[in-house]
>>> print(open('structure.cif').read())   # mmCIF, C-alpha atoms
data_start
#
loop_
_atom_site.label_atom_id
_atom_site.label_comp_id
_atom_site.auth_asym_id
_atom_site.auth_seq_id
_atom_site.Cartn_x
_atom_site.Cartn_y
_atom_site.Cartn_z
CA MET A 157 182.89 122.94 125.80
CA VAL A 158 184.17 124.98 128.75
CA THR A 159 184.45 128.72 128.21
CA LYS A 160 187.20 130.42 130.18
CA GLN A 161 185.84 133.18 132.39
CA LEU A 162 187.53 136.51 131.86
CA SER A 163 189.20 138.20 134.80
CA ARG A 164 188.06 141.67 135.87
CA ASN A 165 191.32 143.04 134.53
CA ASP A 166 190.70 141.45 131.11
CA ILE A 167 187.13 142.76 131.01
CA PHE A 168 188.29 146.33 131.58
CA LEU A 169 191.04 145.99 129.00
CA GLN A 170 188.61 144.62 126.43
CA GLN A 171 186.22 147.49 127.09
CA GLN A 172 189.05 149.97 126.70
CA GLU A 173 190.16 148.43 123.40
CA HIS A 174 186.59 148.50 122.09
CA ARG A 175 185.75 152.06 123.12
CA GLU A 176 189.00 154.03 123.23
CA SER A 177 190.93 155.64 120.42
CA ASN A 178 193.59 153.84 118.41
CA ALA A 179 195.90 156.62 119.62
CA ARG A 180 196.10 155.07 123.10
CA SER A 181 199.67 154.01 123.78
CA TYR A 182 200.61 152.76 127.26
CA PRO A 183 197.95 149.99 127.46
CA ARG A 184 199.45 148.32 124.41
CA ARG A 185 202.64 147.63 126.38
CA ILE A 186 201.31 147.69 129.93
CA PRO A 187 198.03 145.70 129.93
CA ILE A 188 196.64 146.68 133.31
CA ALA A 189 193.47 148.17 134.77
CA ILE A 190 194.62 149.94 137.93
CA GLU A 191 192.15 149.79 140.81
CA GLU A 192 194.28 150.78 143.83
CA ALA A 193 197.50 152.74 144.24
CA GLU A 194 199.70 153.76 147.15
CA GLY A 195 203.31 154.93 147.20
CA ILE A 196 205.36 153.05 144.63
CA PHE A 197 202.77 150.27 144.28
CA VAL A 198 199.64 149.77 142.19
CA LYS A 199 197.11 146.92 142.17
CA ASP A 200 195.17 145.78 139.15
CA ALA A 201 191.50 144.89 139.14
CA ASP A 202 192.37 141.29 140.05
CA GLY A 203 194.43 142.32 143.07
CA LYS A 204 197.91 141.72 141.56
CA LYS A 205 200.50 144.12 142.96
CA TYR A 206 203.14 145.90 140.86
CA TYR A 207 206.10 148.17 141.42
CA ASP A 208 205.37 151.35 139.46
CA CYS A 209 208.58 152.63 137.87
CA LEU A 210 206.64 154.71 135.37
CA ALA A 211 204.99 156.97 137.98
CA GLY A 212 202.75 158.82 135.56
CA ALA A 213 205.75 159.45 133.27
CA GLY A 214 207.32 161.37 136.15
CA THR A 215 204.17 163.12 137.34
CA LEU A 216 204.00 161.24 140.66
CA ALA A 217 207.10 162.60 142.38
CA LEU A 218 205.79 161.42 145.77
CA GLY A 219 204.18 158.29 144.42
CA HIS A 220 200.48 157.48 144.51
CA ASN A 221 198.19 159.09 147.09
CA HIS A 222 200.89 160.56 149.29
CA PRO A 223 199.39 161.87 152.59
CA VAL A 224 200.56 165.46 152.04
CA VAL A 225 198.91 165.53 148.61
CA ILE A 226 195.66 164.03 149.91
CA GLU A 227 195.58 166.50 152.80
CA ALA A 228 196.12 169.46 150.48
CA ILE A 229 193.29 168.36 148.21
CA GLU A 230 190.92 167.70 151.10
CA GLN A 231 191.74 171.09 152.65
CA VAL A 232 190.67 172.86 149.46
CA ILE A 233 187.32 171.06 149.65
CA ARG A 234 186.83 171.58 153.38
CA ASP A 235 187.50 175.31 153.06
CA LYS A 236 185.09 175.63 150.12
CA ARG A 237 187.83 177.10 147.97
CA PRO A 238 187.05 177.69 144.30
CA LEU A 239 188.14 174.78 142.13
CA HIS A 240 188.36 176.66 138.85
CA THR A 241 189.25 180.33 138.40
CA LEU A 242 190.58 180.82 134.84
CA ASP A 243 193.50 183.21 135.44
CA LEU A 244 191.85 185.11 138.28
CA THR A 245 194.04 185.00 141.33
CA THR A 246 193.34 183.37 144.70
CA PRO A 247 195.24 182.99 147.99
CA ILE A 248 196.16 179.44 146.94
CA LYS A 249 197.54 180.68 143.63
CA GLU A 250 199.60 183.44 145.23
CA ASP A 251 201.01 181.00 147.81
CA PHE A 252 201.88 178.56 145.04
CA VAL A 253 203.76 181.22 143.06
CA THR A 254 205.62 182.34 146.19
CA GLU A 255 206.65 178.74 146.97
CA LEU A 256 207.81 178.15 143.40
CA PHE A 257 209.76 181.41 143.14
CA ASP A 258 211.38 180.74 146.53
CA SER A 259 212.54 177.39 145.13
CA LEU A 260 214.30 178.91 142.11
CA PRO A 261 217.94 180.05 142.15
CA GLY A 262 218.00 183.61 143.41
CA ASP A 263 219.33 185.25 140.24
CA PHE A 264 216.49 183.71 138.23
CA ALA A 265 213.77 184.29 140.83
CA LYS A 266 214.40 188.02 141.12
CA ARG A 267 213.74 188.46 137.38
CA ALA A 268 210.99 185.85 137.06
CA LYS A 269 207.45 186.14 135.77
CA ILE A 270 205.03 183.24 135.41
CA GLN A 271 202.39 182.21 132.88
CA PHE A 272 199.81 179.58 133.84
CA CYS A 273 198.96 177.41 130.86
CA GLY A 274 196.57 174.62 129.95
CA PRO A 275 197.07 171.47 132.00
CA THR A 276 199.68 169.76 129.79
CA GLY A 277 203.38 170.27 129.30
CA GLY A 278 202.79 170.51 125.56
CA ASP A 279 200.62 173.60 126.03
CA ALA A 280 203.32 175.23 128.14
CA ILE A 281 205.92 174.53 125.44
CA GLU A 282 203.59 176.15 122.91
CA ALA A 283 203.36 179.18 125.20
CA ALA A 284 207.14 179.36 125.63
CA VAL A 285 207.71 179.35 121.88
CA LYS A 286 205.05 182.03 121.31
CA LEU A 287 206.58 184.13 124.08
CA CYS A 288 210.04 184.03 122.50
CA LYS A 289 208.78 184.69 118.99
CA THR A 290 206.83 187.68 120.25
CA ALA A 291 209.74 189.10 122.24
CA THR A 292 212.37 188.66 119.53
CA GLY A 293 210.30 189.23 116.39
CA ARG A 294 211.99 186.17 114.89
CA GLN A 295 210.47 182.88 113.72
CA SER A 296 212.99 180.03 113.56
CA ILE A 297 213.55 177.70 116.53
CA LEU A 298 216.60 175.58 117.29
CA SER A 299 215.79 172.14 118.68
CA PHE A 300 217.75 168.92 119.13
CA GLN A 301 217.80 165.47 117.60
CA GLY A 302 216.25 163.01 120.06
CA GLY A 303 214.30 165.69 121.89
CA TYR A 304 210.66 165.35 122.87
CA HIS A 305 208.49 168.36 123.69
CA GLY A 306 204.89 167.17 123.22
CA SER A 307 202.40 165.93 120.65
CA THR A 308 200.50 169.07 119.68
CA HIS A 309 200.93 170.41 116.15
CA GLY A 310 203.61 172.84 117.30
CA THR A 311 205.45 170.69 119.83
CA MET A 312 205.52 167.71 117.48
CA ALA A 313 207.44 169.93 115.06
CA LEU A 314 210.01 170.56 117.82
CA SER A 315 210.44 166.85 118.61
CA GLY A 316 212.87 164.47 116.98
CA ASN A 317 210.70 161.35 116.66
CA LEU A 318 209.76 160.92 113.01
CA GLY A 319 206.98 158.33 113.43
CA PRO A 320 204.19 160.64 114.63
CA LYS A 321 205.06 163.24 111.99
CA GLU A 322 204.73 161.00 108.96
CA LYS A 323 200.96 161.36 108.55
CA VAL A 324 200.61 164.92 109.85
CA ARG A 325 201.32 167.56 107.24
CA GLY A 326 202.00 171.25 107.70
CA LEU A 327 203.74 171.20 111.08
CA MET A 328 205.21 174.41 112.48
CA PRO A 329 207.88 175.60 110.01
CA ASP A 330 211.40 176.91 110.61
CA VAL A 331 212.46 174.33 113.19
CA HIS A 332 216.12 173.40 112.82
CA PHE A 333 217.49 170.27 114.47
CA LEU A 334 220.95 170.24 116.01
CA PRO A 335 223.15 167.31 117.14
CA TYR A 336 222.69 166.39 120.81
CA PRO A 337 225.80 164.92 122.48
CA TYR A 338 224.56 161.33 122.70
CA THR A 339 227.94 159.77 123.44
CA TYR A 340 226.90 156.12 123.05
CA ARG A 341 225.48 156.75 119.58
CA CYS A 342 227.56 159.80 118.74
CA PRO A 343 226.19 161.64 115.68
CA PHE A 344 229.79 162.39 114.67
CA GLY A 345 231.03 158.83 115.16
CA VAL A 346 233.62 159.75 117.80
CA GLY A 347 231.95 159.43 121.22
CA GLY A 348 233.18 160.67 124.59
CA GLU A 349 234.09 164.26 125.37
CA GLU A 350 235.03 164.87 121.76
CA SER A 351 231.36 164.48 120.84
CA GLN A 352 230.25 167.41 122.99
CA ARG A 353 233.15 169.58 121.76
CA ILE A 354 232.25 169.00 118.11
CA SER A 355 228.56 169.57 118.82
CA SER A 356 229.27 172.94 120.48
CA GLN A 357 231.63 173.97 117.72
CA TYR A 358 229.15 172.98 115.02
CA ILE A 359 226.31 174.93 116.64
CA GLU A 360 228.39 178.05 117.18
CA ASN A 361 229.62 177.94 113.59
CA LEU A 362 226.08 177.49 112.27
CA LEU A 363 224.89 180.58 114.12
CA ASP A 364 227.80 182.72 112.90
CA ASP A 365 227.92 181.49 109.31
CA PRO A 366 226.18 183.97 106.96
CA GLU A 367 225.63 181.07 104.53
CA SER A 368 224.20 178.60 107.09
CA GLY A 369 220.68 178.92 105.73
CA VAL A 370 219.30 179.43 109.24
CA LEU A 371 217.90 182.84 110.11
CA PRO A 372 218.66 184.28 113.58
CA PRO A 373 216.49 182.13 115.85
CA ALA A 374 213.73 183.17 118.23
CA ALA A 375 214.89 180.55 120.75
CA MET A 376 216.82 177.39 121.44
CA ILE A 377 214.91 174.64 123.28
CA LEU A 378 216.52 171.66 125.00
CA GLU A 379 216.11 169.03 127.71
CA ILE A 380 218.81 168.67 130.37
CA VAL A 381 218.12 164.93 130.21
CA GLN A 382 216.35 163.72 127.10
CA GLY A 383 213.50 161.63 128.50
CA GLU A 384 211.55 160.00 125.69
CA GLY A 385 214.76 160.17 123.67
CA GLY A 386 216.24 157.48 125.93
CA SER A 387 217.27 159.00 129.29
CA ILE A 388 220.27 160.77 127.76
CA PRO A 389 221.91 163.31 130.09
CA ALA A 390 223.54 166.34 128.51
CA PRO A 391 227.19 166.79 129.57
CA ILE A 392 227.60 169.63 132.04
CA GLU A 393 230.26 171.47 130.03
CA TRP A 394 228.13 171.25 126.89
CA LEU A 395 225.19 172.82 128.74
CA LYS A 396 227.42 175.66 129.85
CA GLU A 397 228.50 176.14 126.25
CA MET A 398 224.88 176.23 125.04
CA ARG A 399 224.16 178.95 127.60
CA ARG A 400 227.25 180.93 126.56
CA ILE A 401 226.51 180.58 122.84
CA THR A 402 222.87 181.66 123.17
CA GLU A 403 223.55 184.44 125.66
CA GLU A 404 226.27 186.02 123.55
CA ARG A 405 223.93 186.11 120.54
CA GLY A 406 220.78 187.24 122.31
CA ILE A 407 218.95 183.95 121.73
CA PRO A 408 216.47 183.03 124.49
CA LEU A 409 217.23 179.60 125.97
CA ILE A 410 214.15 177.51 126.78
CA ILE A 411 214.80 174.66 129.20
CA ASP A 412 212.11 171.98 129.02
CA GLU A 413 211.86 170.54 132.54
CA VAL A 414 208.44 168.98 132.11
CA GLN A 415 209.90 165.62 133.14
CA THR A 416 213.17 166.55 134.87
CA GLY A 417 211.81 169.24 137.19
CA ILE A 418 211.10 169.13 140.95
CA GLY A 419 213.89 166.88 142.21
CA ARG A 420 213.88 164.16 139.57
CA THR A 421 217.55 164.43 138.56
CA GLY A 422 219.11 165.03 141.98
CA LYS A 423 218.60 168.81 141.95
CA LEU A 424 215.31 170.64 142.38
CA PHE A 425 215.72 171.84 138.79
CA ALA A 426 217.97 169.95 136.39
CA PHE A 427 219.59 173.09 134.97
CA GLU A 428 221.15 173.65 138.41
CA HIS A 429 223.61 170.81 137.71
CA ALA A 430 225.35 173.09 135.22
CA GLY A 431 225.01 176.28 137.25
CA ILE A 432 223.28 178.05 134.37
CA THR A 433 220.20 180.27 134.28
CA PRO A 434 217.66 179.78 131.49
CA ASP A 435 215.62 182.57 129.97
CA VAL A 436 212.54 180.35 129.99
CA LEU A 437 211.73 177.35 132.21
CA VAL A 438 208.84 175.03 131.38
CA LEU A 439 207.33 172.92 134.17
CA SER A 440 204.50 170.41 134.26
CA LYS A 441 204.02 166.81 135.50
CA ALA A 442 205.38 166.88 139.11
CA ILE A 443 204.68 170.61 139.57
CA GLY A 444 200.97 169.80 140.02
CA GLY A 445 201.53 167.25 142.77
CA SER A 446 199.95 164.51 140.59
CA LEU A 447 197.17 166.78 139.24
CA PRO A 448 197.13 168.56 135.84
CA LEU A 449 199.12 171.81 135.83
CA SER A 450 201.74 173.49 133.66
CA VAL A 451 203.57 176.80 133.93
CA VAL A 452 206.16 178.84 132.09
CA VAL A 453 208.60 180.82 134.26
CA TYR A 454 210.64 183.35 132.33
CA ASP A 455 212.84 186.43 132.49
CA LYS A 456 210.62 189.50 132.67
CA LYS A 457 212.51 191.11 129.76
CA LEU A 458 210.62 188.67 127.49
CA ASP A 459 207.20 189.74 128.78
CA GLN A 460 206.28 191.53 125.56
CA TRP A 461 203.03 189.81 124.68
CA SER A 462 199.53 191.27 124.89
CA PRO A 463 196.57 190.29 127.11
CA GLY A 464 195.11 187.01 125.90
CA ALA A 465 198.22 186.08 123.90
CA HIS A 466 198.10 182.63 125.49
CA ILE A 467 194.99 181.44 127.27
CA GLY A 468 193.36 178.21 128.42
CA THR A 469 190.17 177.41 130.30
CA PHE A 470 191.82 175.07 132.81
CA ARG A 471 194.84 177.21 133.74
CA GLY A 472 193.22 177.95 137.11
CA ASN A 473 193.26 174.44 138.61
CA GLN A 474 193.27 175.28 142.32
CA MET A 475 193.54 171.70 143.56
CA ALA A 476 196.64 171.20 141.42
CA MET A 477 198.20 174.37 142.81
CA ALA A 478 197.48 173.26 146.37
CA ALA A 479 198.78 169.74 145.74
CA GLY A 480 201.81 171.07 143.85
CA MET A 481 202.67 173.51 146.62
CA ALA A 482 202.39 170.77 149.26
CA SER A 483 204.56 168.42 147.20
CA LEU A 484 207.20 171.06 146.55
CA ARG A 485 207.42 171.90 150.25
CA TYR A 486 207.67 168.24 151.22
CA ILE A 487 210.39 167.57 148.63
CA LYS A 488 212.44 170.50 149.92
CA GLU A 489 211.87 169.83 153.63
CA ASN A 490 212.85 166.19 153.24
CA ASN A 491 215.69 166.84 150.81
CA LEU A 492 214.26 164.37 148.31
CA ALA A 493 216.38 165.75 145.48
CA ALA A 494 219.51 164.53 147.29
CA HIS A 495 217.72 161.26 148.04
CA ALA A 496 216.92 160.90 144.33
CA GLU A 497 220.60 161.34 143.53
CA LYS A 498 221.58 158.70 146.11
CA MET A 499 218.96 156.21 144.92
CA GLY A 500 219.92 156.91 141.32
CA ASP A 501 223.55 156.09 142.09
CA LEU A 502 222.42 152.83 143.71
CA PHE A 503 220.28 151.98 140.68
CA VAL A 504 223.16 152.62 138.29
CA SER A 505 225.53 150.55 140.44
CA LYS A 506 223.12 147.61 140.50
CA LEU A 507 222.40 147.85 136.77
CA ALA A 508 226.11 148.10 135.99
CA SER A 509 226.63 144.80 137.86
CA ILE A 510 223.91 143.21 135.75
CA GLN A 511 225.55 144.64 132.62
CA GLN A 512 228.74 142.72 133.42
CA LYS A 513 226.83 139.48 132.92
CA TYR A 514 224.59 140.54 130.05
CA PRO A 515 226.28 142.24 127.08
CA GLU A 516 222.77 142.89 125.77
CA ILE A 517 222.88 145.99 127.97
CA GLY A 518 224.89 148.41 125.85
CA GLU A 519 224.89 151.37 128.23
CA ILE A 520 223.52 152.42 131.62
CA ARG A 521 222.96 156.17 131.90
CA GLY A 522 220.86 158.91 133.42
CA ARG A 523 220.84 161.46 136.18
CA GLY A 524 219.17 160.98 139.57
CA LEU A 525 216.03 158.86 139.23
CA MET A 526 215.83 159.23 135.46
CA ILE A 527 217.73 156.17 134.27
CA GLY A 528 217.93 154.22 131.03
CA ALA A 529 219.37 150.83 130.09
CA GLU A 530 220.00 150.67 126.35
CA ILE A 531 219.37 147.19 124.96
CA VAL A 532 221.55 146.11 122.04
CA ASN A 533 222.47 143.15 119.88
CA PRO A 534 226.03 142.38 121.05
CA LYS A 535 226.58 140.18 117.98
CA GLY A 536 225.79 143.00 115.57
CA LYS A 537 228.35 145.16 113.80
CA LYS A 538 229.62 148.04 115.90
CA ALA A 539 229.26 151.66 114.79
CA ASN A 540 232.31 153.93 114.54
CA SER A 541 231.62 155.22 118.06
CA GLY A 542 231.72 151.64 119.42
CA SER A 543 228.00 151.07 119.97
CA HIS A 544 226.20 147.88 119.02
CA PRO A 545 222.93 147.95 117.00
CA ALA A 546 219.72 148.66 118.90
CA HIS A 547 217.61 145.62 119.83
CA PRO A 548 214.01 146.85 120.17
CA SER A 549 212.39 143.40 120.18
CA LEU A 550 214.56 142.31 123.11
CA ALA A 551 213.80 145.56 124.96
CA SER A 552 210.08 144.88 124.53
CA ALA A 553 210.53 141.30 125.69
CA ILE A 554 212.36 142.51 128.82
CA GLN A 555 209.55 144.95 129.51
CA ARG A 556 206.98 142.13 129.22
CA GLU A 557 208.99 139.84 131.48
CA CYS A 558 209.26 142.62 134.07
CA PHE A 559 205.51 143.20 133.89
CA ASN A 560 204.78 139.50 134.34
CA ARG A 561 206.94 139.61 137.49
CA GLY A 562 205.19 142.64 138.95
CA LEU A 563 207.32 145.55 137.66
CA ILE A 564 206.00 148.34 135.43
CA LEU A 565 208.63 149.94 133.22
CA GLU A 566 208.51 151.87 129.96
CA VAL A 567 210.68 151.64 126.86
CA GLY A 568 211.79 154.55 124.72
CA GLY A 569 214.78 155.98 122.94
CA ARG A 570 216.04 155.20 119.45
CA HIS A 571 214.04 152.31 117.97
CA GLY A 572 212.30 151.82 121.35
CA SER A 573 215.40 150.03 122.64
CA VAL A 574 215.90 151.78 125.99
CA VAL A 575 214.32 150.38 129.16
CA ARG A 576 213.55 153.38 131.37
CA PHE A 577 213.40 153.60 135.18
CA LEU A 578 211.34 156.56 136.43
CA PRO A 579 210.22 155.67 139.97
CA PRO A 580 208.81 158.07 142.60
CA LEU A 581 211.38 160.07 144.54
CA ILE A 582 210.34 158.29 147.75
CA ILE A 583 211.79 154.96 146.65
CA THR A 584 213.87 153.13 149.29
CA GLU A 585 217.15 151.23 149.04
CA ASP A 586 215.36 147.92 149.61
CA GLN A 587 212.93 148.72 146.81
CA VAL A 588 215.79 149.56 144.43
CA ARG A 589 217.33 146.19 145.19
CA GLU A 590 214.04 144.33 144.71
CA ILE A 591 213.36 146.14 141.42
CA THR A 592 216.81 145.42 140.02
CA ASP A 593 216.46 141.77 141.11
CA ILE A 594 213.24 141.55 139.08
CA PHE A 595 214.98 143.24 136.15
CA THR A 596 217.78 140.65 136.36
CA GLN A 597 215.28 137.79 136.20
CA ALA A 598 213.48 139.47 133.31
CA ILE A 599 216.55 140.07 131.17
CA GLU A 600 217.72 136.51 131.80
CA ALA A 601 214.37 135.11 130.69
CA ALA A 602 214.12 137.40 127.68
CA ALA A 603 217.71 136.86 126.56
CA VAL A 604 217.29 133.08 126.68
CA ARG A 605 214.12 133.26 124.54
CA LYS A 606 215.29 135.82 121.99
#
>>> encode(input="structure.cif", output="structure tokens")
Amino acid sequence: MVTKQLSRNDIFLQQQEHRESNARSYPRRIPIAIEEAEGIFVKDADGKKYYDCLAGAGTLALGHNHPVVIEAIEQVIRDKRPLHTLDLTTPIKEDFVTELFDSLPGDFAKRAKIQFCGPTGGDAIEAAVKLCKTATGRQSILSFQGGYHGSTHGTMALSGNLGPKEKVRGLMPDVHFLPYPYTYRCPFGVGGEESQRISSQYIENLLDDPESGVLPPAAMILEIVQGEGGSIPAPIEWLKEMRRITEERGIPLIIDEVQTGIGRTGKLFAFEHAGITPDVLVLSKAIGGSLPLSVVVYDKKLDQWSPGAHIGTFRGNQMAMAAGMASLRYIKENNLAAHAEKMGDLFVSKLASIQQKYPEIGEIRGRGLMIGAEIVNPKGKKANSGSHPAHPSLASAIQRECFNRGLILEVGGRHGSVVRFLPPLIITEDQVREITDIFTQAIEAAAVRK
């Protein structure tokens, strides 16, 4: 009897399965042990090369091991800078804050204060909520169906996904979910511009109705593009309405840009598409230049909390500040936000051509390099808004076929039926074409086998 010898990749994956928590997620869909990485490419332990269109869930704005990031990290070490400083300041920290504030729209920057949080976006969301509750003296929070803000006890309560909540009791109370203008699967069954009009009208009525059952809120939190919710971009006019509605009623508006921030959507900050100014901006992922960092930037009128109101041992990650500052400068100097918009348009154009041949693609959507292809069953009964039923098994099959052909993608959205493209901002036109060619082969193979 001949026993098949395991590859190095398989050995690492088996070790991971044996020793790591059942809570691990990505390896279940992307079975890879990454040994090398550069730019948009990664290599597994057996030397197979992949396009990485996950990019650390948006963390790797400049891709893997970009020279400006490596140089910034090495400079910290060469200069014997402190690596960990709690919230004590350093020259690196002050330079980072200056660079970030200089990158903000002027009307926001001149009123801005910053809170350094623990290294995850979830911790920064927790801080933003605490900040607004402290400043307003209120307790309820308005969030949106389909939103995702983290997996801590508090941020899970703010997120729409029901699955993780089912076995966790006693989540943060007084969170009220509002309809997000998801035109393809319109919550009102109408779709199009009418969807955003009804959503705005509903929300304004709820806030003004003395019998709504919702106390005056401490904050409204939203994503400009819902990421984990399925790459759903909020309509520009609807965003302007949310800003008007909250501003008129003295409700702080928290914009969660953990995934959209730092050039991802075609603007340095996604809220700039609508020309609005948030009260609170939450940043993580790309802001650390591939290293763990999260911050809350907010209007100084909200700075009502006491010393130690939000702390965290690793809020003083100096390497992340250096790498983040270098990345931010490079993105601005090379106008990568505009490049992201251009490459995003090319992606959407290519995917739309594929959609013409495969009705299993219900909708192509996104903003900049945050794109989703919603996979549907075209033979299923249409909803009132005209959408076909979600097809999660086909979406998973497409993801597997892409992986087998050397392309790493993630799925998300309702029922896990949206294939998401989240490549580094440095992607080239040729790479977009090669990636969409692979996607075409994958959907053809998966559709034939379904």
>>> closest_residue(input="structure.cif", among="A:Ala479, A:Val232, A:Leu363, A:Cys558", to="Thr215 (chain A)", atoms="all atoms listed in the file")
A:Ala479
>>> resolve_selection(input="structure.cif", expression="the PyMOL selection byres ((chain A and resi 202) around 8)", output="PyMOL selection string")
chain A and resi 163-165+199-201+203-204
>>> atom_distance(input="structure.cif", atom1="CA of Gly303 (chain A)", atom2="CA of Gln382 (chain A)")
5.9 Å
>>> resolve_selection(input="structure.cif", expression="the PyMOL selection byres ((chain A and resi 493) around 6)", output="mmCIF file with C-alpha atoms, keeping the file's coordinate frame")
data_model
loop_
_atom_site.group_PDB
_atom_site.id
_atom_site.type_symbol
_atom_site.label_atom_id
_atom_site.label_comp_id
_atom_site.auth_asym_id
_atom_site.auth_seq_id
_atom_site.Cartn_x
_atom_site.Cartn_y
_atom_site.Cartn_z
ATOM 1 C CA GLY A 419 213.890 166.880 142.210
ATOM 2 C CA GLY A 422 219.110 165.030 141.980
ATOM 3 C CA LYS A 423 218.600 168.810 141.950
ATOM 4 C CA LEU A 424 215.310 170.640 142.380
ATOM 5 C CA ASN A 491 215.690 166.840 150.810
ATOM 6 C CA LEU A 492 214.260 164.370 148.310
ATOM 7 C CA ALA A 494 219.510 164.530 147.290
ATOM 8 C CA HIS A 495 217.720 161.260 148.040
ATOM 9 C CA ALA A 496 216.920 160.900 144.330
#
>>> resolve_selection(input="structure.cif", expression="the PyMOL selection byres ((chain A and resi 464-467) around 12)", output="PDB file with C-alpha atoms, keeping the file's coordinate frame")
ATOM      1  CA  LEU A 242     190.580 180.820 134.840  1.00  0.00           C
ATOM      2  CA  ASP A 243     193.500 183.210 135.440  1.00  0.00           C
ATOM      3  CA  GLN A 271     202.390 182.210 132.880  1.00  0.00           C
ATOM      4  CA  PHE A 272     199.810 179.580 133.840  1.00  0.00           C
ATOM      5  CA  CYS A 273     198.960 177.410 130.860  1.00  0.00           C
ATOM      6  CA  GLY A 274     196.570 174.620 129.950  1.00  0.00           C
ATOM      7  CA  PRO A 275     197.070 171.470 132.000  1.00  0.00           C
ATOM      8  CA  ASP A 279     200.620 173.600 126.030  1.00  0.00           C
ATOM      9  CA  ALA A 280     203.320 175.230 128.140  1.00  0.00           C
ATOM     10  CA  ILE A 281     205.920 174.530 125.440  1.00  0.00           C
ATOM     11  CA  GLU A 282     203.590 176.150 122.910  1.00  0.00           C
ATOM     12  CA  ALA A 283     203.360 179.180 125.200  1.00  0.00           C
ATOM     13  CA  ALA A 284     207.140 179.360 125.630  1.00  0.00           C
ATOM     14  CA  VAL A 285     207.710 179.350 121.880  1.00  0.00           C
ATOM     15  CA  LYS A 286     205.050 182.030 121.310  1.00  0.00           C
ATOM     16  CA  LEU A 287     206.580 184.130 124.080  1.00  0.00           C
ATOM     17  CA  LYS A 289     208.780 184.690 118.990  1.00  0.00           C
ATOM     18  CA  THR A 290     206.830 187.680 120.250  1.00  0.00           C
ATOM     19  CA  VAL A 451     203.570 176.800 133.930  1.00  0.00           C
ATOM     20  CA  VAL A 452     206.160 178.840 132.090  1.00  0.00           C
ATOM     21  CA  ASP A 459     207.200 189.740 128.780  1.00  0.00           C
ATOM     22  CA  GLN A 460     206.280 191.530 125.560  1.00  0.00           C
ATOM     23  CA  TRP A 461     203.030 189.810 124.680  1.00  0.00           C
ATOM     24  CA  SER A 462     199.530 191.270 124.890  1.00  0.00           C
ATOM     25  CA  PRO A 463     196.570 190.290 127.110  1.00  0.00           C
ATOM     26  CA  GLY A 468     193.360 178.210 128.420  1.00  0.00           C
ATOM     27  CA  THR A 469     190.170 177.410 130.300  1.00  0.00           C
ATOM     28  CA  PHE A 470     191.820 175.070 132.810  1.00  0.00           C
ATOM     29  CA  ARG A 471     194.840 177.210 133.740  1.00  0.00           C
ATOM     30  CA  GLY A 472     193.220 177.950 137.110  1.00  0.00           C
TER      31      GLY A 472
END
>>> residues_around(input="structure.cif", residues="Leu327 (chain A)", least_positions_apart="2", cutoff="10 Å", atoms="only C-alpha atoms", output="PyMOL selection string")
chain A and resi 308-314+321+324-325+329-331
>>> closest_residue(input="structure.cif", among="A:Gly369, A:Pro187, A:Gly500, A:Gly195", to="Glu173 (chain A)", atoms="all atoms listed in the file")
A:Pro187
>>> closest_residue(input="structure.cif", among="A:Arg589, A:His305, A:Arg420, A:Lys160", to="Gly385 (chain A)", atoms="all atoms listed in the file")
A:His305
>>> residues_around(input="structure.cif", residues="Ser509 (chain A)", least_positions_apart="6", cutoff="12 Å", atoms="all atoms listed in the file", output="list in words")
Leu502, Phe503, Pro515, Ile517, Glu519, Ile520, Arg589, Thr592, Asp593, Phe595 and Thr596 of chain A
>>> atom_distance(input="structure.cif", atom1="CA of Ser541 (chain A)", atom2="CA of Gln555 (chain A)")
26.9 Å
>>> atom_distance(input="structure.cif", atom1="CA of Gly444 (chain A)", atom2="CA of Pro320 (chain A)")
27.2 Å
>>> closest_residue(input="structure.cif", among="A:Met475, A:Leu218, A:Leu578, A:Ile591", to="Asn490 (chain A)", atoms="all atoms listed in the file")
A:Leu218
>>> residues_near_point(input="structure.cif", point="(231.1, 165.6, 120.4)", cutoff="10 Å", atoms="all atoms listed in the file", output="list in words")
Pro335, Tyr336, Pro337, Tyr338, Thr339, Cys342, Pro343, Phe344, Gly345, Val346, Gly347, Gly348, Glu349, Glu350, Ser351, Gln352, Arg353, Ile354, Ser355, Ser356, Gln357, Tyr358 and Trp394 of chain A
>>> closest_residue(input="structure.cif", among="A:Thr246, A:Ser307, A:Thr421, A:Thr292", to="Asp501 (chain A)", atoms="all atoms listed in the file")
A:Thr421
>>> residues_near_point(input="structure.cif", point="(210.7, 137.2, 129.1)", cutoff="9 Å", atoms="all atoms listed in the file", output="list in words")
Leu550, Ser552, Ala553, Ile554, Gln555, Arg556, Glu557, Cys558, Asn560, Gln597, Ala598, Ile599, Glu600, Ala601, Ala602, Ala603, Val604, Arg605 and Lys606 of chain A
>>> closest_residue(input="structure.cif", among="A:Met481, A:Ile380, A:Val574, A:Ile527", to="Leu449 (chain A)", atoms="only C-alpha atoms")
A:Met481
>>> residues_around(input="structure.cif", residues="region 429-439 of chain A", least_positions_apart="4", cutoff="8 Å", atoms="only C-alpha atoms", output="PyMOL selection string")
chain A and resi 263-264+277+280-281+284+392-393+395-396+399+408-415+417+423+443+450-455
>>> residues_around(input="structure.cif", residues="Pro247 (chain A)", least_positions_apart="6", cutoff="12 Å", atoms="all atoms listed in the file", output="ChimeraX atom specification")
/A:232,237-238,241,253-254,474,477-478
